[in-house]
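See structure below.
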Amino acid sequence: MIAPAAEQPFALFVPDPDLALLREKLALARLPDELDGAGWDYGVPLADVRRLVARWRDGFDWRAAEEAINRDLPQFTRDVEVEGFGTLNVHYVHRRSARENAVPLLFVHGWPGSFLEVRKLLPLLTADVPDQPSFHVVALSLPGFGFSEAPKKGGFVHKQYGELANKLMISLGYDAYVVQGGDWGHYIAGSLATYYAHTHVKGWLSNYPHAQPPKLSKSPWLWLTDLVTPYSEREKEGWARTKEFRARGSGYSHEQATQPQTVGYSLGDSPVGLLGWIYEKLVRWTNGYRWEDDEVLEWVSVYWFSRAGPAASVRIYLEMTNRFERRAVDGIEWTSIPLGFSLFAKELNQVPRKWLRTLGNVVFESEHEHGGHFAAHEEPEALASDIRRMFGKGGPGFGVVPGKDGYV
């Protein structure tokens with residue numbers, strides 16, 4: 001039995017001196033040169049960075065953004081004990097549906113995301129709409145991200161993320177729940193299923209279709225059918241996109257998985273360095289999403305003003321992969337609880353469908369012609385619809401949480 005720790009309401013407020021320091025650093029920024037006609041071929045265009053830096057320094061109203069975040073997202077903090085790592089103070093969003101028997105759902109973000117990714121989903125999932133399931137939604141800031149405390153030592157991996165997230169849900173009164181995640185949230189949701197399937201985790205839906213090929217020694221029938229079954233055109237296109245991304249777009253992950261402290265000096269000291277590092281991903285990883293400048297700056301500001309600093313967030317790459325000596329997905333074991341996938345057209349990693357069945361009991365798959373890596377932000381209605389379809393009436397995950405089917 002986990003004794004509930006005291007919950008504290010949280011309102012985002014950055015001290016005035018921190019805002020002044022940011023403006024000072026932006027005013028002193030020394031930007032690099034750029035080759036003629038470079039465009040995006042060498043990275044983020046200089047014109048984009050100049051425009052964003054000028055806006056961040058002189059036009060972006062952080063106080064207005066702060067007020068809107070606090071208005072839209074009910075936030076809290078709570079101490080959670082993690083074996084071997086002591087107590088971590090965790091920041092999270094928590095909104096209950098008006099329906100008492102709504103389905104408890106844990107939303108898990110990735111990098112370079114944050115708790116902000118749940119913002120558009122929250123009103124959709126907690127809504128009290130006739131003939132649709134409703135959800136009690138929790139979105140934690142992962143340790144070292146946003147306003148959660150970071151671990152003080154190495155070795156915080158799959159098991160620890162799962163333990164922290166599960167204890168948080170239990171402390172909120174959700175002994176049984178479902179999980180949704182993408183990017184690192186995909187691996188952490190899989191870790192939660194690995195360690196807590198059936199006892200606490202009753203199902204999970206991922207929007208990051210990443211897995212390893214089936215092995216003859218572990219899944220002989222799956223291995224054989226994958227070997228002899230032709231891939232669909234969608235699978236071929238997705239796999240080609242995956243190989244292209246790994247060859248030409250994944251350099252950041254190698255740096256973060258091998259020398260995160262080194263890149264951390266730039267991310268932690270230079271707001272322009274942080275802006276360029278994240279803005280590239282926001283543009284490159286989305287499917288034609290029209291980012292407003294203030295939207296980008298709000299996203300990056302959460303990293304700049306984060307509790308542990310921007311460098312803390314990138315260590316997850318080293319910890320979860322041991323410098324790429326293992327794959328992050330290797331920590332996920334097959335379980336029989338319902339597993340679903342929301343498949344967005346321009347996601348970075350898209351492996352053949354049969355590979356996904358190495359992760360669990362796949363009972364739901366939904367293809368989308370639009371959308372990229374940040375599905376909850378780019379295509380919130382589509383993702384919310386998939387969650388409802390999987391866990392609502394007629395869906396393969398309906399009724400998996402005892403006494404909490406989401407309906408009146």
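Convention: chains lettered A, B, ... in structure tokens order; per-chain residue numbering from 1; ligands numbered from 1 as shown.
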Leaving out segment 303-306 of chain A and any residue of its chain fewer than 4 positions from it, which residues lie within 10 Å of it when counting only C-alpha atoms, given as a PyMOL selection string? chain A and resi 13-15+18-19+22+112-114+144-149+267-271+274-275+278+297-299+310-313
Exercise: Asp48 of chain A partners within 12 Å, only C-alpha atoms, chain neighbours under 3 positions left out, as a list in words: Leu31, Glu34, Gly39, Trp40, Gly43, Val44, Pro45, Arg51, Leu52, Val53, Ala54, Arg55, Val272, Leu275, Gly276, Tyr279, Glu280, Val283, Trp291, Glu292, Asp293 and Val296 of chain A
Extract, using only C-alpha atoms, all DNA, RNA and protein residues at most 7 Å from Leu105 of chain A, discarding same-chain residues fewer than 6 positions from it, and format them as a PyMOL selection string. chain A and resi 135-138+177-179
Would you mind exporting the chosen residues as a tab-separated table (two decimals), in the first residue's frame, restricted to C-alpha atoms?
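What landed in again.tsv:
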```tsv
chain	number	residue	atom	x	y	z
A	135	PHE	CA	-11.39	10.46	-19.01
A	136	HIS	CA	-9.68	11.65	-15.84
A	137	VAL	CA	-6.36	12.86	-17.30
A	138	VAL	CA	-2.95	13.04	-15.62
A	177	TYR	CA	-5.60	3.13	-15.40
A	178	VAL	CA	-4.64	3.28	-19.08
A	179	VAL	CA	-1.65	5.06	-20.65
```
What's around Ala240 of chain A at 12 Å? Count only C-alpha atoms, leave out sequence neighbours fewer than 4 positions away in its own chain, and write the answer as a list in words. Tyr231, Glu233, Arg234, Glu235, Lys236, Glu244, Phe245, Arg246, Ala247, Lys346, Glu347, Leu348, Asn349, Gln350, Val351 and Pro352 of chain A
Excluding Val314 of chain A and its own-chain neighbours fewer than 5 positions away, which residues fall within 10 Å of it when counting only C-alpha atoms? Please give them as a PDB file with C-alpha atoms, in the first residue's frame.
```
ATOM      1  CA  TRP A 111      11.700  15.173 -25.908  1.00  0.00           C
ATOM      2  CA  PRO A 112      11.613  17.991 -26.909  1.00  0.00           C
ATOM      3  CA  GLY A 144      14.401  16.523 -15.365  1.00  0.00           C
ATOM      4  CA  PHE A 145      11.753  18.036 -17.641  1.00  0.00           C
ATOM      5  CA  TYR A 252      21.163  15.049 -32.147  1.00  0.00           C
ATOM      6  CA  SER A 253      20.291  11.719 -30.506  1.00  0.00           C
ATOM      7  CA  GLU A 255      25.218  13.491 -29.098  1.00  0.00           C
ATOM      8  CA  GLN A 256      22.590  13.326 -26.347  1.00  0.00           C
ATOM      9  CA  ALA A 257      23.089   9.591 -25.869  1.00  0.00           C
ATOM     10  CA  GLN A 259      27.919  13.220 -24.344  1.00  0.00           C
ATOM     11  CA  PRO A 260      24.815  14.958 -22.957  1.00  0.00           C
ATOM     12  CA  GLN A 261      26.815  17.105 -20.547  1.00  0.00           C
ATOM     13  CA  VAL A 263      25.821  19.808 -25.393  1.00  0.00           C
ATOM     14  CA  GLY A 264      24.219  20.743 -22.067  1.00  0.00           C
ATOM     15  CA  LEU A 267      21.577  24.440 -23.959  1.00  0.00           C
ATOM     16  CA  GLU A 319      20.316   6.551 -19.481  1.00  0.00           C
TER      17      GLU A 319
END
```
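Considering the residues A:Trp239, A:Phe107, A:Phe344, A:Trp285 and counting only C-alpha atoms, Ser141 of chain A has its shortest atom-to-atom contact with A:Phe107.
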Quick one, how far is atom CA of Gly371 of chain A from atom CA of Asn287 of chain A?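 Atom-to-atom, atom CA of Gly371 of chain A to atom CA of Asn287 of chain A, that is 5.1 Å.
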